[in-house]
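File shown: coords13.cif (mmCIF, C-alpha atoms).
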data_run
#
loop_
_atom_site.label_atom_id
_atom_site.label_comp_id
_atom_site.auth_asym_id
_atom_site.auth_seq_id
_atom_site.Cartn_x
_atom_site.Cartn_y
_atom_site.Cartn_z
CA MET A 1 36.91 -186.74 -205.04
CA GLN A 2 37.28 -183.03 -205.65
CA PRO A 3 39.48 -181.33 -208.21
CA LYS A 4 42.13 -179.02 -206.76
CA PHE A 5 44.78 -176.78 -208.26
CA ASN A 6 47.65 -174.60 -207.17
CA LEU A 7 48.29 -171.35 -209.01
CA TRP A 8 51.52 -169.39 -209.08
CA ILE A 9 53.01 -166.69 -211.28
CA GLU A 10 56.52 -166.99 -212.66
CA LYS A 11 58.87 -164.60 -214.39
CA ASP A 12 61.76 -166.12 -216.33
CA GLY A 13 61.11 -169.48 -214.66
CA VAL A 14 61.23 -168.06 -211.12
CA VAL A 15 58.17 -167.97 -208.85
CA VAL A 16 57.11 -164.40 -208.13
CA LEU A 17 53.65 -164.85 -206.59
CA SER A 18 51.86 -167.86 -205.18
CA ALA A 19 49.04 -168.42 -202.73
CA TRP A 20 51.59 -168.86 -199.93
CA ARG A 21 53.50 -165.69 -200.84
CA VAL A 22 50.29 -163.69 -201.02
CA THR A 23 49.31 -165.05 -197.60
CA LEU A 24 52.69 -163.84 -196.32
CA LEU A 25 52.05 -160.35 -197.71
CA GLU A 26 48.53 -160.29 -196.23
CA THR A 27 49.87 -161.40 -192.85
CA ILE A 28 52.53 -158.68 -192.91
CA GLU A 29 49.78 -156.13 -193.56
CA VAL A 30 47.59 -157.45 -190.73
CA THR A 31 50.36 -157.80 -188.14
CA GLY A 32 52.31 -154.70 -189.19
CA SER A 33 55.56 -156.61 -188.99
CA ILE A 34 57.60 -159.09 -191.01
CA SER A 35 58.80 -160.82 -187.85
CA ALA A 36 55.26 -161.08 -186.43
CA ALA A 37 54.03 -162.45 -189.76
CA ALA A 38 56.85 -165.00 -189.81
CA GLU A 39 55.98 -166.07 -186.27
CA LYS A 40 52.29 -166.36 -187.11
CA LEU A 41 53.08 -168.46 -190.20
CA ASN A 42 55.58 -170.54 -188.22
CA ILE A 43 58.54 -169.77 -190.49
CA PRO A 44 61.92 -168.20 -189.76
CA TYR A 45 62.14 -164.41 -190.13
CA ARG A 46 64.97 -164.87 -192.64
CA ARG A 47 62.76 -166.98 -194.92
CA ALA A 48 59.95 -164.41 -194.79
CA TRP A 49 62.38 -161.59 -195.61
CA GLU A 50 63.91 -163.60 -198.50
CA LYS A 51 60.45 -164.26 -199.98
CA VAL A 52 59.56 -160.56 -199.78
CA GLN A 53 62.80 -159.74 -201.61
CA GLU A 54 62.07 -162.39 -204.27
CA ILE A 55 58.60 -160.93 -204.83
CA GLU A 56 60.02 -157.43 -205.16
CA GLU A 57 62.71 -158.57 -207.60
CA GLY A 58 60.16 -160.43 -209.70
CA LEU A 59 57.64 -157.61 -209.80
CA GLY A 60 60.27 -154.90 -210.14
CA ALA A 61 58.57 -152.90 -207.40
CA LYS A 62 58.77 -152.45 -203.65
CA VAL A 63 55.86 -154.35 -202.06
CA VAL A 64 56.68 -153.89 -198.37
CA ALA A 65 57.73 -150.64 -196.70
CA THR A 66 59.63 -151.07 -193.44
CA ALA A 67 60.59 -148.84 -190.55
CA VAL A 68 63.59 -149.62 -188.36
CA GLY A 69 62.78 -150.59 -184.78
CA GLY A 70 63.82 -148.67 -181.72
CA LYS A 71 62.08 -146.97 -178.86
CA GLY A 72 58.85 -146.46 -180.80
CA GLY A 73 59.20 -149.83 -182.52
CA GLY A 74 59.56 -150.59 -186.19
CA GLY A 75 57.01 -151.99 -188.49
CA ALA A 76 56.07 -152.97 -191.99
CA HIS A 77 53.13 -152.46 -194.28
CA LEU A 78 52.29 -153.11 -197.90
CA THR A 79 52.95 -150.44 -200.45
CA SER A 80 50.33 -149.63 -203.06
CA ALA A 81 52.19 -152.01 -205.42
CA GLY A 82 52.01 -154.72 -202.75
CA ARG A 83 48.29 -154.23 -202.20
CA ARG A 84 47.70 -154.23 -205.96
CA ALA A 85 49.67 -157.49 -206.38
CA VAL A 86 47.62 -159.16 -203.63
CA GLU A 87 44.33 -157.93 -205.10
CA GLN A 88 45.22 -159.00 -208.63
CA PHE A 89 46.38 -162.44 -207.49
CA ARG A 90 43.23 -163.05 -205.41
#

Once you've parsed the file, please lay out its structure as structure tokens.
Amino acid sequence: MQPKFNLWIEKDGVVVLSAWRVTLLETIEVTGSISAAAEKLNIPYRRAWEKVQEIEEGLGAKVVATAVGGKGGGGAHLTSAGRRAVEQFR
């Protein structure tokens, strides 16, 4: 047997950060896209977007900056607040 634990951070009883949410943020940073991160994590885009919004509401800061798609394509990357949240959680 091995001891295991799951850590998450709540604000007012609502989950703000967890290992899964941090993995989502890291995957957005690596793929450069919320939709690509959702696909890689095998979750619907809507769920990924909702989780990003929940994180931002909980932290009171924008954690993902997005650019609208089009001819040159859109994209997403972590803001400095997003990178700081990931680093502090890890």

Residue among A:Lys11, A:Arg46, A:Lys40, A:Lys62 lying closest to Ser80 (chain A), counting all atoms listed in the file: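 Closest residue, counting all atoms listed in the file: A:Lys62.
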
Evaluate the PyMOL selection byres ((chain A and resi 41) around 12) on the structure here and hand back the selected residues as a list in words.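 Matching residues under the PyMOL selection byres ((chain A and resi 41) around 12) are Trp20, Arg21, Thr23, Leu24, Leu25, Glu26, Thr27, Ile28, Thr31, Ile34, Ser35, Ala36, Ala37, Ala38, Glu39, Lys40, Asn42, Ile43, Pro44, Tyr45, Arg47 and Ala48 of chain A.
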
Could you please determine the separation between CA of Ser18 (chain A) and CA of Ala67 (chain A) in Å, to one decimal place?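 These two atoms are separated by 25.5 Å.
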
If you measure from CA of Gly75 (chain A) to CA of Val14 (chain A), what distance in Å do you get, rounded to one decimal? 28.1 Å

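For Glu10 (chain A), the set of protein, DNA and RNA residues having any atom at most 12 Å away, when counting only C-alpha atoms and skipping those fewer than 4 positions along the same chain, is Val14, Val15, Val16, Leu17, Ser18, Glu54, Ile55, Glu57, Gly58 and Leu59 of chain A.
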
Could you work out how far CA of Val22 (chain A) lies from CA of Gly60 (chain A), giving the answer in Å with one decimal?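 So the two atoms, CA of Gly60 (chain A) and CA of Val22 (chain A), lie 16.1 Å apart.
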
Give as a list in words each residue that has an atom at most 12 Å from (51.5, -149.0, -199.6) in the file, counting only C-alpha atoms. Leu25, Ile28, Glu29, Gly32, Ala61, Lys62, Val63, Val64, Ala65, Thr66, Ala76, His77, Leu78, Thr79, Ser80, Ala81, Gly82, Arg83, Arg84, Ala85 and Val86 of chain A

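Among the candidates A:Gln2, A:Gln53, A:Gln88, A:Ser33, the residue lying nearest to Gly69 (chain A) is A:Ser33 (atoms considered: only C-alpha atoms).
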
As an mmCIF file, in the coordinates of the input, could you write out region 15-49 of chain A once it has been completed with N, CA and C atoms?
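Now in selection.cif:
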data_model
loop_
_atom_site.group_PDB
_atom_site.id
_atom_site.type_symbol
_atom_site.label_atom_id
_atom_site.label_comp_id
_atom_site.auth_asym_id
_atom_site.auth_seq_id
_atom_site.Cartn_x
_atom_site.Cartn_y
_atom_site.Cartn_z
ATOM 1 N N VAL A 15 59.453 -168.300 -209.476
ATOM 2 C CA VAL A 15 58.170 -167.970 -208.850
ATOM 3 C C VAL A 15 58.220 -166.568 -208.278
ATOM 4 N N VAL A 16 57.228 -165.759 -208.646
ATOM 5 C CA VAL A 16 57.110 -164.400 -208.130
ATOM 6 C C VAL A 16 55.970 -164.341 -207.114
ATOM 7 N N LEU A 17 54.811 -164.838 -207.491
ATOM 8 C CA LEU A 17 53.650 -164.850 -206.590
ATOM 9 C C LEU A 17 53.039 -166.240 -206.561
ATOM 10 N N SER A 18 52.578 -166.607 -205.380
ATOM 11 C CA SER A 18 51.860 -167.860 -205.180
ATOM 12 C C SER A 18 50.869 -167.621 -204.048
ATOM 13 N N ALA A 19 50.004 -168.569 -203.821
ATOM 14 C CA ALA A 19 49.040 -168.420 -202.730
ATOM 15 C C ALA A 19 49.766 -168.221 -201.399
ATOM 16 N N TRP A 20 50.837 -168.979 -201.175
ATOM 17 C CA TRP A 20 51.590 -168.860 -199.930
ATOM 18 C C TRP A 20 52.249 -167.492 -199.810
ATOM 19 N N ARG A 21 52.834 -166.995 -200.880
ATOM 20 C CA ARG A 21 53.500 -165.690 -200.840
ATOM 21 C C ARG A 21 52.496 -164.563 -200.626
ATOM 22 N N VAL A 22 51.335 -164.689 -201.228
ATOM 23 C CA VAL A 22 50.290 -163.690 -201.020
ATOM 24 C C VAL A 22 49.802 -163.730 -199.576
ATOM 25 N N THR A 23 49.684 -164.926 -199.013
ATOM 26 C CA THR A 23 49.310 -165.050 -197.600
ATOM 27 C C THR A 23 50.358 -164.374 -196.724
ATOM 28 N N LEU A 24 51.628 -164.525 -197.059
ATOM 29 C CA LEU A 24 52.690 -163.840 -196.320
ATOM 30 C C LEU A 24 52.493 -162.328 -196.379
ATOM 31 N N LEU A 25 52.257 -161.794 -197.572
ATOM 32 C CA LEU A 25 52.050 -160.350 -197.710
ATOM 33 C C LEU A 25 50.826 -159.896 -196.901
ATOM 34 N N GLU A 26 49.745 -160.643 -196.982
ATOM 35 C CA GLU A 26 48.530 -160.290 -196.230
ATOM 36 C C GLU A 26 48.795 -160.313 -194.729
ATOM 37 N N THR A 27 49.573 -161.280 -194.275
ATOM 38 C CA THR A 27 49.870 -161.400 -192.850
ATOM 39 C C THR A 27 50.773 -160.266 -192.385
ATOM 40 N N ILE A 28 51.700 -159.845 -193.231
ATOM 41 C CA ILE A 28 52.530 -158.680 -192.910
ATOM 42 C C ILE A 28 51.640 -157.452 -192.737
ATOM 43 N N GLU A 29 50.689 -157.286 -193.632
ATOM 44 C CA GLU A 29 49.780 -156.130 -193.560
ATOM 45 C C GLU A 29 48.959 -156.158 -192.276
ATOM 46 N N VAL A 30 48.441 -157.321 -191.914
ATOM 47 C CA VAL A 30 47.590 -157.450 -190.730
ATOM 48 C C VAL A 30 48.384 -157.258 -189.440
ATOM 49 N N THR A 31 49.576 -157.866 -189.379
ATOM 50 C CA THR A 31 50.360 -157.800 -188.140
ATOM 51 C C THR A 31 51.199 -156.535 -188.049
ATOM 52 N N GLY A 32 51.486 -155.898 -189.189
ATOM 53 C CA GLY A 32 52.310 -154.700 -189.190
ATOM 54 C C GLY A 32 53.783 -154.977 -188.991
ATOM 55 N N SER A 33 54.183 -156.238 -189.249
ATOM 56 C CA SER A 33 55.560 -156.610 -188.990
ATOM 57 C C SER A 33 55.937 -157.871 -189.763
ATOM 58 N N ILE A 34 57.132 -157.879 -190.332
ATOM 59 C CA ILE A 34 57.600 -159.090 -191.010
ATOM 60 C C ILE A 34 57.886 -160.177 -189.979
ATOM 61 N N SER A 35 58.480 -159.809 -188.860
ATOM 62 C CA SER A 35 58.800 -160.820 -187.850
ATOM 63 C C SER A 35 57.526 -161.403 -187.223
ATOM 64 N N ALA A 36 56.521 -160.574 -186.982
ATOM 65 C CA ALA A 36 55.260 -161.080 -186.430
ATOM 66 C C ALA A 36 54.556 -161.977 -187.451
ATOM 67 N N ALA A 37 54.627 -161.609 -188.720
ATOM 68 C CA ALA A 37 54.030 -162.450 -189.760
ATOM 69 C C ALA A 37 54.745 -163.785 -189.843
ATOM 70 N N ALA A 38 56.069 -163.761 -189.765
ATOM 71 C CA ALA A 38 56.850 -165.000 -189.810
ATOM 72 C C ALA A 38 56.469 -165.898 -188.628
ATOM 73 N N GLU A 39 56.360 -165.296 -187.461
ATOM 74 C CA GLU A 39 55.980 -166.070 -186.270
ATOM 75 C C GLU A 39 54.591 -166.680 -186.438
ATOM 76 N N LYS A 40 53.664 -165.885 -186.921
ATOM 77 C CA LYS A 40 52.290 -166.360 -187.110
ATOM 78 C C LYS A 40 52.220 -167.495 -188.128
ATOM 79 N N LEU A 41 53.062 -167.425 -189.165
ATOM 80 C CA LEU A 41 53.080 -168.460 -190.200
ATOM 81 C C LEU A 41 54.039 -169.599 -189.872
ATOM 82 N N ASN A 42 54.670 -169.495 -188.704
ATOM 83 C CA ASN A 42 55.580 -170.540 -188.220
ATOM 84 C C ASN A 42 56.755 -170.785 -189.176
ATOM 85 N N ILE A 43 57.350 -169.687 -189.626
ATOM 86 C CA ILE A 43 58.540 -169.770 -190.490
ATOM 87 C C ILE A 43 59.614 -168.850 -189.913
ATOM 88 N N PRO A 44 60.870 -169.103 -190.228
ATOM 89 C CA PRO A 44 61.920 -168.200 -189.760
ATOM 90 C C PRO A 44 61.785 -166.813 -190.392
ATOM 91 N N TYR A 45 62.173 -165.789 -189.627
ATOM 92 C CA TYR A 45 62.140 -164.410 -190.130
ATOM 93 C C TYR A 45 62.941 -164.307 -191.424
ATOM 94 N N ARG A 46 64.102 -164.933 -191.462
ATOM 95 C CA ARG A 46 64.970 -164.870 -192.640
ATOM 96 C C ARG A 46 64.251 -165.364 -193.897
ATOM 97 N N ARG A 47 63.491 -166.451 -193.763
ATOM 98 C CA ARG A 47 62.760 -166.980 -194.920
ATOM 99 C C ARG A 47 61.690 -165.985 -195.375
ATOM 100 N N ALA A 48 60.980 -165.388 -194.438
ATOM 101 C CA ALA A 48 59.950 -164.410 -194.790
ATOM 102 C C ALA A 48 60.585 -163.233 -195.523
ATOM 103 N N TRP A 49 61.705 -162.723 -195.005
ATOM 104 C CA TRP A 49 62.380 -161.590 -195.610
ATOM 105 C C TRP A 49 62.875 -161.956 -197.014
#
